[in-house]
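Coordinates from structure.pdb are shown below (PDB, C-alpha atoms).
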```pdb
ATOM      1  CA  MET O 733      -3.263 -18.675   7.756
ATOM      2  CA  SER O 734      -4.754 -19.373  11.190
ATOM      3  CA  ARG O 735      -8.003 -21.001  12.239
ATOM      4  CA  ILE O 736      -9.764 -18.419  14.393
ATOM      5  CA  PHE O 737     -12.803 -19.189  16.558
ATOM      6  CA  VAL O 738     -14.940 -16.039  17.042
ATOM      7  CA  THR O 739     -17.833 -16.028  19.493
ATOM      8  CA  GLY O 740     -20.612 -13.504  18.878
ATOM      9  CA  GLY O 741     -19.735 -13.559  15.183
ATOM     10  CA  ALA O 742     -23.260 -12.543  14.102
ATOM     11  CA  GLY O 743     -23.284  -9.361  16.205
ATOM     12  CA  ARG O 744     -22.672  -5.723  15.198
ATOM     13  CA  LEU O 745     -18.954  -5.943  15.895
ATOM     14  CA  GLY O 746     -18.700  -9.669  15.216
ATOM     15  CA  ARG O 747     -19.793  -9.430  11.583
ATOM     16  CA  SER O 748     -17.004  -6.983  10.768
ATOM     17  CA  VAL O 749     -14.428  -8.938  12.763
ATOM     18  CA  VAL O 750     -15.335 -12.177  10.998
ATOM     19  CA  ALA O 751     -15.258 -10.501   7.571
ATOM     20  CA  GLY O 752     -11.998  -8.680   8.269
ATOM     21  CA  LEU O 753     -10.171 -11.753   9.529
ATOM     22  CA  ALA O 754     -11.416 -13.801   6.576
ATOM     23  CA  ALA O 755     -10.275 -11.076   4.173
ATOM     24  CA  ALA O 756      -6.843 -11.187   5.843
ATOM     25  CA  GLY O 757      -6.578 -14.849   4.842
ATOM     26  CA  HIS O 758      -7.661 -16.617   8.021
ATOM     27  CA  HIS O 759     -10.140 -19.479   8.263
ATOM     28  CA  VAL O 760     -12.830 -18.232  10.650
ATOM     29  CA  ILE O 761     -15.286 -20.275  12.697
ATOM     30  CA  SER O 762     -18.118 -17.888  13.634
ATOM     31  CA  VAL O 763     -20.187 -18.996  16.625
ATOM     32  CA  ASP O 764     -23.419 -17.352  17.727
ATOM     33  CA  ARG O 765     -26.929 -18.210  18.861
ATOM     34  CA  ASP O 766     -28.207 -16.520  15.704
ATOM     35  CA  ALA O 767     -27.144 -17.492  12.209
ATOM     36  CA  VAL O 768     -26.089 -15.090   9.470
ATOM     37  CA  PRO O 769     -27.819 -15.949   6.149
ATOM     38  CA  ALA O 770     -25.551 -18.258   4.197
ATOM     39  CA  ASP O 771     -25.400 -15.896   1.222
ATOM     40  CA  GLN O 772     -23.994 -13.178   3.511
ATOM     41  CA  LEU O 773     -21.121 -15.256   4.858
ATOM     42  CA  PRO O 774     -17.718 -14.233   3.476
ATOM     43  CA  ALA O 775     -15.548 -16.842   1.833
ATOM     44  CA  GLY O 776     -13.407 -18.690   4.342
ATOM     45  CA  VAL O 777     -16.004 -18.576   7.130
ATOM     46  CA  ASP O 778     -17.723 -21.555   8.736
ATOM     47  CA  GLN O 779     -20.736 -20.890  10.927
ATOM     48  CA  GLU O 780     -21.886 -22.698  14.053
ATOM     49  CA  THR O 781     -25.061 -21.898  15.996
ATOM     50  CA  ALA O 782     -24.812 -22.711  19.672
ATOM     51  CA  ASP O 783     -25.684 -21.600  23.189
ATOM     52  CA  LEU O 784     -22.270 -21.235  24.771
ATOM     53  CA  LEU O 785     -23.852 -21.095  28.232
ATOM     54  CA  ALA O 786     -24.978 -24.712  27.880
ATOM     55  CA  PRO O 787     -22.682 -26.929  29.973
ATOM     56  CA  GLY O 788     -19.808 -28.264  27.901
ATOM     57  CA  GLU O 789     -20.884 -26.561  24.665
ATOM     58  CA  ALA O 790     -17.906 -24.211  24.383
ATOM     59  CA  ALA O 791     -15.504 -27.051  25.107
ATOM     60  CA  ARG O 792     -17.190 -29.295  22.538
ATOM     61  CA  LEU O 793     -17.062 -26.731  19.747
ATOM     62  CA  ILE O 794     -13.470 -25.732  20.418
ATOM     63  CA  ARG O 795     -12.416 -29.359  20.611
ATOM     64  CA  GLU O 796     -14.166 -30.192  17.330
ATOM     65  CA  THR O 797     -13.009 -27.131  15.362
ATOM     66  CA  ARG O 798      -9.416 -27.133  16.695
ATOM     67  CA  PRO O 799      -8.694 -23.396  16.316
ATOM     68  CA  ASP O 800      -5.306 -21.735  16.618
ATOM     69  CA  ALA O 801      -6.865 -18.710  18.312
ATOM     70  CA  VAL O 802     -10.090 -17.762  20.102
ATOM     71  CA  ILE O 803     -11.642 -14.277  20.114
ATOM     72  CA  HIS O 804     -14.515 -13.951  22.580
ATOM     73  CA  LEU O 805     -17.053 -11.234  21.654
ATOM     74  CA  ALA O 806     -20.343 -12.858  22.727
ATOM     75  CA  ALA O 807     -22.197 -10.970  25.470
ATOM     76  CA  ILE O 808     -25.277  -8.982  26.346
ATOM     77  CA  ALA O 809     -23.838  -5.866  24.735
ATOM     78  CA  VAL O 810     -26.051  -3.018  25.966
ATOM     79  CA  PRO O 811     -26.173  -1.825  29.594
ATOM     80  CA  PHE O 812     -29.611  -2.069  31.209
ATOM     81  CA  SER O 813     -31.039  -4.015  28.249
ATOM     82  CA  ALA O 814     -31.818  -6.880  30.642
ATOM     83  CA  PRO O 815     -32.069  -7.165  34.448
ATOM     84  CA  GLU O 816     -28.747  -6.413  36.109
ATOM     85  CA  ASP O 817     -28.360  -9.919  37.530
ATOM     86  CA  VAL O 818     -28.982 -11.433  34.100
ATOM     87  CA  ILE O 819     -26.374  -9.198  32.427
ATOM     88  CA  PHE O 820     -23.807  -9.960  35.124
ATOM     89  CA  ALA O 821     -24.396 -13.709  35.165
ATOM     90  CA  THR O 822     -24.563 -14.049  31.380
ATOM     91  CA  ASN O 823     -21.457 -12.047  30.554
ATOM     92  CA  THR O 824     -19.235 -13.399  33.303
ATOM     93  CA  ARG O 825     -20.278 -17.010  32.696
ATOM     94  CA  LEU O 826     -19.722 -16.655  28.957
ATOM     95  CA  ALA O 827     -16.241 -15.212  29.435
ATOM     96  CA  PHE O 828     -15.203 -17.896  31.892
ATOM     97  CA  ALA O 829     -16.717 -20.753  29.880
ATOM     98  CA  VAL O 830     -15.029 -19.736  26.624
ATOM     99  CA  VAL O 831     -11.627 -18.833  28.088
ATOM    100  CA  ALA O 832     -11.559 -21.954  30.257
ATOM    101  CA  ALA O 833     -12.546 -24.217  27.358
ATOM    102  CA  ALA O 834      -9.906 -22.674  25.074
ATOM    103  CA  THR O 835      -7.282 -23.030  27.784
ATOM    104  CA  GLU O 836      -8.199 -26.655  28.449
ATOM    105  CA  ALA O 837      -7.953 -27.374  24.715
ATOM    106  CA  GLY O 838      -4.486 -25.795  24.578
ATOM    107  CA  VAL O 839      -5.428 -22.967  22.182
ATOM    108  CA  HIS O 840      -2.306 -20.815  22.056
ATOM    109  CA  ARG O 841      -3.886 -17.341  21.656
ATOM    110  CA  ILE O 842      -7.016 -16.277  23.562
ATOM    111  CA  VAL O 843      -8.542 -12.778  23.416
ATOM    112  CA  THR O 844     -11.643 -11.383  25.124
ATOM    113  CA  ALA O 845     -13.590  -8.197  24.489
ATOM    114  CA  SER O 846     -14.036  -5.738  27.329
ATOM    115  CA  SER O 847     -15.394  -2.166  27.262
ATOM    116  CA  PRO O 848     -14.314   1.398  28.091
ATOM    117  CA  THR O 849     -17.316   1.525  30.439
ATOM    118  CA  VAL O 850     -15.197  -0.301  33.037
ATOM    119  CA  LEU O 851     -13.823   3.153  33.894
ATOM    120  CA  GLY O 852     -17.178   4.228  35.315
ATOM    121  CA  TYR O 853     -18.070   7.345  33.341
ATOM    122  CA  GLY O 854     -21.757   8.281  33.500
ATOM    123  CA  SER O 855     -22.160   7.254  37.133
ATOM    124  CA  PRO O 856     -25.228   8.858  38.730
ATOM    125  CA  ALA O 857     -23.039   9.539  41.773
ATOM    126  CA  GLY O 858     -20.666  11.609  39.651
ATOM    127  CA  TRP O 859     -17.367  10.725  38.016
ATOM    128  CA  LEU O 860     -14.153  12.546  37.217
ATOM    129  CA  PRO O 861     -10.909  10.900  36.132
ATOM    130  CA  GLU O 862      -7.555  12.055  37.421
ATOM    131  CA  ALA O 863      -6.521  13.084  33.909
ATOM    132  CA  PHE O 864      -7.330  13.065  30.201
ATOM    133  CA  PRO O 865      -6.727  11.332  27.901
ATOM    134  CA  LEU O 866      -7.956   8.143  29.541
ATOM    135  CA  ASP O 867      -5.695   5.134  29.113
ATOM    136  CA  GLU O 868      -5.099   1.635  30.455
ATOM    137  CA  ARG O 869      -3.658   3.082  33.679
ATOM    138  CA  THR O 870      -6.902   4.919  34.508
ATOM    139  CA  VAL O 871      -8.437   3.218  37.539
ATOM    140  CA  PRO O 872     -11.632   1.270  36.699
ATOM    141  CA  LYS O 873     -14.717   2.234  38.719
ATOM    142  CA  PRO O 874     -17.605   0.227  37.217
ATOM    143  CA  TRP O 875     -21.023   1.244  38.501
ATOM    144  CA  ASN O 876     -23.387  -1.149  36.678
ATOM    145  CA  ALA O 877     -23.552  -4.858  35.925
ATOM    146  CA  TYR O 878     -22.436  -4.511  32.307
ATOM    147  CA  ALA O 879     -19.277  -2.571  33.159
ATOM    148  CA  LEU O 880     -18.465  -4.881  36.070
ATOM    149  CA  SER O 881     -18.949  -7.969  33.901
ATOM    150  CA  LYS O 882     -16.477  -6.577  31.362
ATOM    151  CA  LEU O 883     -13.893  -5.851  34.040
ATOM    152  CA  ILE O 884     -14.284  -9.422  35.253
ATOM    153  CA  ALA O 885     -13.739 -10.646  31.677
ATOM    154  CA  GLU O 886     -10.393  -8.821  31.713
ATOM    155  CA  GLN O 887      -9.538 -10.317  35.089
ATOM    156  CA  THR O 888     -10.507 -13.761  33.819
ATOM    157  CA  VAL O 889      -7.832 -13.739  31.119
ATOM    158  CA  GLN O 890      -5.344 -12.278  33.592
ATOM    159  CA  MET O 891      -6.124 -15.079  36.028
ATOM    160  CA  PHE O 892      -5.528 -17.731  33.387
ATOM    161  CA  ALA O 893      -2.346 -15.975  32.252
ATOM    162  CA  ALA O 894      -1.069 -16.045  35.840
ATOM    163  CA  ALA O 895      -1.806 -19.764  36.070
ATOM    164  CA  GLN O 896      -0.447 -20.748  32.651
ATOM    165  CA  GLY O 897       2.728 -18.662  32.517
ATOM    166  CA  GLN O 898       3.966 -18.124  28.982
ATOM    167  CA  GLY O 899       2.602 -21.335  27.457
ATOM    168  CA  ILE O 900      -0.715 -19.774  26.402
ATOM    169  CA  ARG O 901      -1.043 -16.132  25.411
ATOM    170  CA  TYR O 902      -3.974 -14.017  26.588
ATOM    171  CA  ALA O 903      -5.163 -10.455  25.957
ATOM    172  CA  ALA O 904      -8.218  -8.222  26.395
ATOM    173  CA  PHE O 905      -9.330  -5.169  24.439
ATOM    174  CA  ARG O 906     -11.758  -2.324  25.072
ATOM    175  CA  PRO O 907     -13.380  -1.256  21.791
ATOM    176  CA  CYS O 908     -14.830   2.240  21.841
ATOM    177  CA  TYR O 909     -18.368   2.983  20.594
ATOM    178  CA  VAL O 910     -18.542   0.670  17.583
ATOM    179  CA  ILE O 911     -19.602   2.079  14.212
ATOM    180  CA  SER O 912     -20.501  -0.635  11.698
ATOM    181  CA  PRO O 913     -20.024  -0.021   7.953
ATOM    182  CA  GLU O 914     -23.718   0.465   7.203
ATOM    183  CA  GLU O 915     -23.936   3.245   9.787
ATOM    184  CA  TRP O 916     -21.604   5.401   7.698
ATOM    185  CA  GLU O 917     -24.219   5.075   4.957
ATOM    186  CA  GLY O 918     -26.956   6.478   7.216
ATOM    187  CA  ALA O 919     -28.277   3.441   9.108
ATOM    188  CA  PRO O 920     -29.152   4.248  12.736
ATOM    189  CA  THR O 921     -26.567   3.575  15.425
ATOM    190  CA  GLN O 922     -27.165   1.442  18.495
ATOM    191  CA  GLN O 923     -29.075   4.274  20.206
ATOM    192  CA  GLY O 924     -31.273   4.963  17.170
ATOM    193  CA  HIS O 925     -29.601   8.150  15.937
ATOM    194  CA  THR O 926     -27.664   8.579  12.725
ATOM    195  CA  LEU O 927     -24.019   9.588  12.881
ATOM    196  CA  ALA O 928     -24.824  12.958  11.341
ATOM    197  CA  GLU O 929     -27.329  13.546  14.158
ATOM    198  CA  ARG O 930     -24.751  12.552  16.775
ATOM    199  CA  LEU O 931     -22.288  15.038  15.323
ATOM    200  CA  ALA O 932     -24.850  17.829  15.066
ATOM    201  CA  ASP O 933     -25.999  17.384  18.681
ATOM    202  CA  PRO O 934     -23.053  16.780  21.065
ATOM    203  CA  ALA O 935     -25.450  15.710  23.830
ATOM    204  CA  LEU O 936     -25.965  12.432  21.944
ATOM    205  CA  SER O 937     -22.273  11.463  22.014
ATOM    206  CA  ALA O 938     -21.413  12.984  25.387
ATOM    207  CA  PRO O 939     -22.540   9.950  27.459
ATOM    208  CA  ALA O 940     -19.763   7.893  25.817
ATOM    209  CA  LEU O 941     -17.278  10.800  26.099
ATOM    210  CA  PHE O 942     -17.359  11.206  22.310
ATOM    211  CA  ASN O 943     -15.463   7.955  21.751
ATOM    212  CA  TYR O 944     -15.929   5.705  18.711
ATOM    213  CA  VAL O 945     -14.190   3.182  16.480
ATOM    214  CA  ASP O 946     -14.885   1.757  13.042
ATOM    215  CA  ALA O 947     -15.655  -1.971  13.367
ATOM    216  CA  ARG O 948     -13.251  -2.709  10.510
ATOM    217  CA  ASP O 949     -10.433  -1.046  12.436
ATOM    218  CA  VAL O 950     -11.203  -3.416  15.319
ATOM    219  CA  ALA O 951     -10.817  -6.344  12.916
ATOM    220  CA  ASP O 952      -7.465  -4.948  11.788
ATOM    221  CA  PHE O 953      -6.399  -4.534  15.411
ATOM    222  CA  LEU O 954      -7.299  -8.142  16.241
ATOM    223  CA  ASP O 955      -5.444  -9.481  13.218
ATOM    224  CA  LEU O 956      -2.322  -7.598  14.318
ATOM    225  CA  LEU O 957      -2.767  -8.521  17.987
ATOM    226  CA  LEU O 958      -2.922 -12.231  17.171
ATOM    227  CA  ALA O 959       0.246 -11.916  15.102
ATOM    228  CA  ARG O 960       2.137 -10.086  17.881
ATOM    229  CA  MET O 961       0.903 -11.841  21.043
ATOM    230  CA  ASP O 962       4.096 -13.849  21.464
ATOM    231  CA  THR O 963       6.160 -10.641  21.512
ATOM    232  CA  ILE O 964       4.253  -8.644  24.168
ATOM    233  CA  PRO O 965       3.656  -9.222  27.896
ATOM    234  CA  ASN O 966       0.973 -11.797  28.618
ATOM    235  CA  GLY O 967      -2.512 -10.719  29.734
ATOM    236  CA  GLU O 968      -2.356  -7.154  28.402
ATOM    237  CA  THR O 969      -5.446  -4.948  27.941
ATOM    238  CA  PHE O 970      -5.757  -2.377  25.141
ATOM    239  CA  PHE O 971      -8.047   0.525  24.295
ATOM    240  CA  VAL O 972      -9.092   0.362  20.641
ATOM    241  CA  GLY O 973     -10.534   3.586  19.282
ATOM    242  CA  ALA O 974     -10.434   6.159  16.525
ATOM    243  CA  ALA O 975      -7.630   8.702  16.425
ATOM    244  CA  ASP O 976     -10.123  11.560  16.785
ATOM    245  CA  ALA O 977     -13.290  12.335  18.726
ATOM    246  CA  LEU O 978     -16.843  11.951  17.439
ATOM    247  CA  ALA O 979     -17.355  15.696  17.670
ATOM    248  CA  VAL O 980     -17.156  18.812  15.507
ATOM    249  CA  ALA O 981     -15.729  21.066  18.223
ATOM    250  CA  PRO O 982     -12.625  20.302  20.340
ATOM    251  CA  LEU O 983     -13.298  18.291  23.486
ATOM    252  CA  ALA O 984     -11.543  20.992  25.497
ATOM    253  CA  GLU O 985     -14.632  23.083  24.737
ATOM    254  CA  LEU O 986     -17.281  20.350  24.868
ATOM    255  CA  MET O 987     -16.267  18.243  27.834
ATOM    256  CA  PRO O 988     -16.776  20.831  30.614
ATOM    257  CA  ALA O 989     -20.402  21.332  29.498
ATOM    258  CA  PHE O 990     -21.186  17.642  29.944
ATOM    259  CA  LEU O 991     -18.709  16.635  32.654
ATOM    260  CA  PRO O 992     -18.869  19.249  35.408
ATOM    261  CA  GLY O 993     -15.523  20.035  36.999
ATOM    262  CA  SER O 994     -13.462  18.795  34.049
ATOM    263  CA  GLU O 995     -12.278  22.169  32.757
ATOM    264  CA  ALA O 996      -8.678  21.761  33.912
ATOM    265  CA  ILE O 997      -8.170  18.090  33.028
ATOM    266  CA  SER O 998      -9.780  18.398  29.580
ATOM    267  CA  ALA O 999      -7.883  21.548  28.599
ATOM    268  CA  GLY O1000      -5.342  19.500  26.666
ATOM    269  CA  LEU O1001      -7.972  17.861  24.434
ATOM    270  CA  THR O1002      -7.518  20.419  21.689
ATOM    271  CA  GLY O1003      -8.079  20.062  17.958
ATOM    272  CA  THR O1004      -9.474  16.617  17.142
ATOM    273  CA  SER O1005      -7.945  14.832  20.162
ATOM    274  CA  PRO O1006     -10.113  12.021  21.594
ATOM    275  CA  ALA O1007     -10.724  11.395  25.281
ATOM    276  CA  PHE O1008      -9.249   7.871  25.040
ATOM    277  CA  SER O1009      -5.606   7.197  24.268
ATOM    278  CA  ILE O1010      -4.651   4.416  21.858
ATOM    279  CA  ALA O1011      -0.920   4.952  22.435
ATOM    280  CA  LYS O1012      -0.442   1.528  24.023
ATOM    281  CA  ALA O1013      -1.785  -0.314  20.965
ATOM    282  CA  ARG O1014       0.393   1.879  18.759
ATOM    283  CA  ASP O1015       3.542   1.437  20.833
ATOM    284  CA  LEU O1016       3.274  -2.299  21.620
ATOM    285  CA  LEU O1017       1.641  -3.507  18.402
ATOM    286  CA  GLY O1018       2.249  -0.838  15.798
ATOM    287  CA  TRP O1019      -1.510  -0.484  15.263
ATOM    288  CA  GLN O1020      -3.143   2.684  13.993
ATOM    289  CA  PRO O1021      -6.811   3.110  13.004
ATOM    290  CA  LYS O1022      -7.304   3.784   9.297
ATOM    291  CA  ARG O1023     -10.777   5.301   9.440
ATOM    292  CA  SER O1024     -12.374   8.462  10.811
ATOM    293  CA  TRP O1025     -15.845   9.986  10.609
ATOM    294  CA  ARG O1026     -14.196  12.679   8.522
ATOM    295  CA  THR O1027     -13.313  10.151   5.811
ATOM    296  CA  GLU O1028     -16.153   7.623   6.146
ATOM    297  CA  LEU O1029     -19.383   9.536   6.773
ATOM    298  CA  LYS O1030     -21.460   9.518   3.596
ATOM    299  CA  SER O1031     -24.258  11.885   4.603
ATOM    300  CA  HIS O1032     -24.007  15.589   5.405
ATOM    301  CA  ILE O1033     -21.081  16.391   7.686
ATOM    302  CA  PRO O1034     -21.832  19.300  10.007
ATOM    303  CA  ASN O1035     -19.281  22.081   9.683
ATOM    304  CA  GLU O1036     -20.916  24.629  11.929
ATOM    305  CA  GLU O1037     -20.344  25.006  15.646
ATOM    306  CA  PRO O1038     -22.703  22.833  17.736
ATOM    307  CA  ALA O1039     -25.859  24.358  19.090
ATOM    308  CA  ALA O1040     -25.886  25.874  22.563
ATOM    309  CA  LEU O1041     -24.527  23.284  24.967
ATOM    310  CA  VAL O1042     -26.651  21.835  27.705
ATOM    311  CA  SER O1043     -25.540  19.650  30.573
ATOM    312  CA  ALA O1044     -25.735  15.931  29.865
ATOM    313  CA  GLY O1045     -26.688  15.364  33.486
ATOM    314  CA  ASN O1046     -27.521  11.748  34.184
ATOM    315  CA  GLY O1047     -29.256  11.038  30.908
ATOM    316  CA  PRO O1048     -29.389   7.761  29.014
ATOM    317  CA  LYS O1049     -26.336   5.540  29.239
ATOM    318  CA  GLU O1050     -24.928   3.741  26.264
ATOM    319  CA  THR O1051     -22.404   1.051  25.513
ATOM    320  CA  PRO O1052     -19.278   1.926  23.520
TER
END
```
Once more with this new file: its structure as structure tokens, please.
Amino acid sequence: MSRIFVTGGAGRLGRSVVAGLAAAGHHVISVDRDAVPADQLPAGVDQETADLLAPGEAARLIRETRPDAVIHLAAIAVPFSAPEDVIFATNTRLAFAVVAAATEAGVHRIVTASSPTVLGYGSPAGWLPEAFPLDERTVPKPWNAYALSKLIAEQTVQMFAAAQGQGIRYAAFRPCYVISPEEWEGAPTQQGHTLAERLADPALSAPALFNYVDARDVADFLDLLLARMDTIPNGETFFVGAADALAVAPLAELMPAFLPGSEAISAGLTGTSPAFSIAKARDLLGWQPKRSWRTELKSHIPNEEPAALVSAGNGPKETP
């Protein structure tokens, strides 16, 4: 059993990560500005409320709780939900403060959350990758403060890994569009639509390139990552997503309608293939997601072909 310090533990992803790690037998210290009601805390979880942007606060909490590992999730999690300078300053300062404090305290395993949005899809200026599926070798081209702040979070752990050598282990992960357990039951997703609605209307999932991941699969990934960090190269970044796309039709058919010019590069996305590859997590860690919308969705699952496709254009952007 490890003592794991999780920032942002009261958030959409954080709640599932905290619960999953506790269920795996770890002692979890959940840290957030907002508290989860005590009767909703899983066994094996301690809760701390704190503003990690306050000078010295991250260092104080890590020093007092003495964790074996730190997982940094805390951030402004939705692009354009605050002024761009506020998103950039908040997310980059949080990442540096937490990673630096954990490093100074000698925590052996340090992980930070990033985002697939670092790749730059949805740019008003247009965006096309060199190839599908997208993977960790795809060149990042962030075009907003949220995406840039997440790329800097990745570079922060890489910087510390370069300075520390092999003594402290670092990693970053890019979780796809997070689906929390209650959303399978019909609760609205982050953009206000139900999952059944997102499947029935491909325009709703197109801005995120039809990517998604069950929050519990992210918890499983993190549990495995922490166990394997000593056996993989230091400072690695991983995509963490479902093994299929959040779509009824193959992406080879859908993608060209929403991403002009992608006919040739998306032709291989046949069947249920997603736009994001999780091969690196599978090959280096042995991780595979256990859940799919086909097994988890409790409401009506569309089985008809989507309605006539319309271009997604430069519509609303969303965080994965």
Could you write out as a PDB file with C-alpha atoms, keeping the file's coordinate frame the residues that the PyMOL selection byres ((chain O and resi 833) around 9) matches in the shown file?
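The file below, result-v5.pdb, is the result:
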```pdb
ATOM      1  CA  GLY O 788     -19.808 -28.264  27.901  1.00  0.00           C
ATOM      2  CA  ALA O 790     -17.906 -24.211  24.383  1.00  0.00           C
ATOM      3  CA  ALA O 791     -15.504 -27.051  25.107  1.00  0.00           C
ATOM      4  CA  ARG O 792     -17.190 -29.295  22.538  1.00  0.00           C
ATOM      5  CA  ILE O 794     -13.470 -25.732  20.418  1.00  0.00           C
ATOM      6  CA  ARG O 795     -12.416 -29.359  20.611  1.00  0.00           C
ATOM      7  CA  PHE O 828     -15.203 -17.896  31.892  1.00  0.00           C
ATOM      8  CA  ALA O 829     -16.717 -20.753  29.880  1.00  0.00           C
ATOM      9  CA  VAL O 830     -15.029 -19.736  26.624  1.00  0.00           C
ATOM     10  CA  VAL O 831     -11.627 -18.833  28.088  1.00  0.00           C
ATOM     11  CA  ALA O 832     -11.559 -21.954  30.257  1.00  0.00           C
ATOM     12  CA  ALA O 834      -9.906 -22.674  25.074  1.00  0.00           C
ATOM     13  CA  THR O 835      -7.282 -23.030  27.784  1.00  0.00           C
ATOM     14  CA  GLU O 836      -8.199 -26.655  28.449  1.00  0.00           C
ATOM     15  CA  ALA O 837      -7.953 -27.374  24.715  1.00  0.00           C
ATOM     16  CA  GLY O 838      -4.486 -25.795  24.578  1.00  0.00           C
ATOM     17  CA  VAL O 839      -5.428 -22.967  22.182  1.00  0.00           C
TER      18      VAL O 839
END
```
Spatial neighbours of Ala879 in chain O, 8 Å, all atoms listed in the file, chain gap at least 6 places, as an mmCIF file with C-alpha atoms, keeping the file's coordinate frame:
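File selection.cif, as written:
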```cif
data_model
loop_
_atom_site.group_PDB
_atom_site.id
_atom_site.type_symbol
_atom_site.label_atom_id
_atom_site.label_comp_id
_atom_site.auth_asym_id
_atom_site.auth_seq_id
_atom_site.Cartn_x
_atom_site.Cartn_y
_atom_site.Cartn_z
ATOM 1 C CA PRO O 811 -26.173 -1.825 29.594
ATOM 2 C CA SER O 847 -15.394 -2.166 27.262
ATOM 3 C CA THR O 849 -17.316 1.525 30.439
ATOM 4 C CA VAL O 850 -15.197 -0.301 33.037
ATOM 5 C CA LEU O 851 -13.823 3.153 33.894
ATOM 6 C CA GLY O 852 -17.178 4.228 35.315
#
```
Name every residue that the PyMOL selection byres ((chain O and resi 737) around 12) selects in this structure, writing the answer as a short mmCIF file (atom, residue, chain, number, x, y, z; two decimals) with C-alpha atoms, in the frame of the given file with chains first and numbers rising.
```
data_model
loop_
_atom_site.label_atom_id
_atom_site.label_comp_id
_atom_site.auth_asym_id
_atom_site.auth_seq_id
_atom_site.Cartn_x
_atom_site.Cartn_y
_atom_site.Cartn_z
CA SER O 734 -4.75 -19.37 11.19
CA ARG O 735 -8.00 -21.00 12.24
CA ILE O 736 -9.76 -18.42 14.39
CA VAL O 738 -14.94 -16.04 17.04
CA THR O 739 -17.83 -16.03 19.49
CA GLY O 740 -20.61 -13.50 18.88
CA GLY O 741 -19.74 -13.56 15.18
CA GLY O 746 -18.70 -9.67 15.22
CA VAL O 749 -14.43 -8.94 12.76
CA VAL O 750 -15.34 -12.18 11.00
CA LEU O 753 -10.17 -11.75 9.53
CA ALA O 754 -11.42 -13.80 6.58
CA HIS O 758 -7.66 -16.62 8.02
CA HIS O 759 -10.14 -19.48 8.26
CA VAL O 760 -12.83 -18.23 10.65
CA ILE O 761 -15.29 -20.27 12.70
CA SER O 762 -18.12 -17.89 13.63
CA VAL O 763 -20.19 -19.00 16.62
CA ASP O 764 -23.42 -17.35 17.73
CA VAL O 777 -16.00 -18.58 7.13
CA ASP O 778 -17.72 -21.56 8.74
CA GLN O 779 -20.74 -20.89 10.93
CA GLU O 780 -21.89 -22.70 14.05
CA ALA O 790 -17.91 -24.21 24.38
CA ALA O 791 -15.50 -27.05 25.11
CA LEU O 793 -17.06 -26.73 19.75
CA ILE O 794 -13.47 -25.73 20.42
CA ARG O 795 -12.42 -29.36 20.61
CA GLU O 796 -14.17 -30.19 17.33
CA THR O 797 -13.01 -27.13 15.36
CA ARG O 798 -9.42 -27.13 16.70
CA PRO O 799 -8.69 -23.40 16.32
CA ASP O 800 -5.31 -21.74 16.62
CA ALA O 801 -6.86 -18.71 18.31
CA VAL O 802 -10.09 -17.76 20.10
CA ILE O 803 -11.64 -14.28 20.11
CA HIS O 804 -14.52 -13.95 22.58
CA LEU O 805 -17.05 -11.23 21.65
CA ALA O 806 -20.34 -12.86 22.73
CA VAL O 830 -15.03 -19.74 26.62
CA VAL O 831 -11.63 -18.83 28.09
CA ALA O 833 -12.55 -24.22 27.36
CA ALA O 834 -9.91 -22.67 25.07
CA VAL O 839 -5.43 -22.97 22.18
CA HIS O 840 -2.31 -20.82 22.06
CA ARG O 841 -3.89 -17.34 21.66
CA ILE O 842 -7.02 -16.28 23.56
CA VAL O 843 -8.54 -12.78 23.42
CA THR O 844 -11.64 -11.38 25.12
#
```
message = Using the chain letters and numbers from this file, what does the PyMOL selection byres ((chain O and resi 993-1004) around 8) select? Give the answer as a PyMOL selection string.
response = chain O and resi 860+862-865+976-977+979+981-985+987-988+991-992+1005-1007
note = Among O:Ala877, O:Leu745, O:Val810, O:Leu826, Arg948 in chain O is approached most closely, using all atoms listed in the file, by O:Leu745
Put a box with edges along x, y and z around all the listed atoms of range 850-862 of chain O, pad it by 4 Å on each side, then give me its centre and sizes in Å, one decimal, as lines of an AutoDock Vina configuration file.
```
center_x = -16.4
center_y = 6.1
center_z = 37.4
size_x = 25.7
size_y = 20.8
size_z = 16.7
```
Considering all atoms listed in the file, return as a compact mmCIF listing (two decimals) with C-alpha atoms, in the frame of the given file whatever protein or nucleic-acid residues lie within 9 Å of Ile964 in chain O, sequence-local ones (same chain, fewer than 4 positions apart) excluded.
```
# COMPACT_ATOMS: atom_id res chain seq x y z
CA ARG O 960 2.14 -10.09 17.88
CA GLU O 968 -2.36 -7.15 28.40
CA LEU O 1016 3.27 -2.30 21.62
CA LEU O 1017 1.64 -3.51 18.40
```
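CA of Ala809 in chain O is found 18.6 Å from CA of Leu936 in chain O.
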ask   = Given the choices O:Tyr853, O:Phe905, O:Phe812, O:Trp916, which gets closest to Thr1027 in chain O if the distance is worked out from all atoms listed in the file?
value =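 Closest candidate: O:Trp916.
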ask   = With all atoms listed in the file as the basis for distance, which of O:Ala782, O:Ala895, O:Ile819, O:Ala947 is at the shortest distance from Glu915 in chain O?
value =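 Smallest separation from Glu915 in chain O among the options: O:Ala947.
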request  = Tell me, in Å to one decimal, how far CA of Gln922 in chain O is from CA of Asp766 in chain O.
outcome  =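 Taking CA of Gln922 in chain O as the start and CA of Asp766 in chain O as the end point, the length is 18.2 Å.
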Nearest residue to Ala807 in chain O from the set O:Ser855, O:Asn943, O:Ser881, O:Ser748 (distances using only C-alpha atoms) = O:Ser881
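Proximity to Arg930 in chain O at 12 Å, evaluated using all atoms listed in the file and with sequence-adjacent residues fewer than 6 positions away removed, yields Ile911, Glu915, Trp916, Gly918, Pro920, Thr921, Gln922, Gln923, Gly924, Leu936, Ser937, Ala938, Pro939, Ala940, Phe942, Asn943, Tyr944, Ala977, Leu978, Ala979, Val980, Trp1025, Leu1029, His1032, Ile1033, Pro1034 and Pro1038 of chain O.
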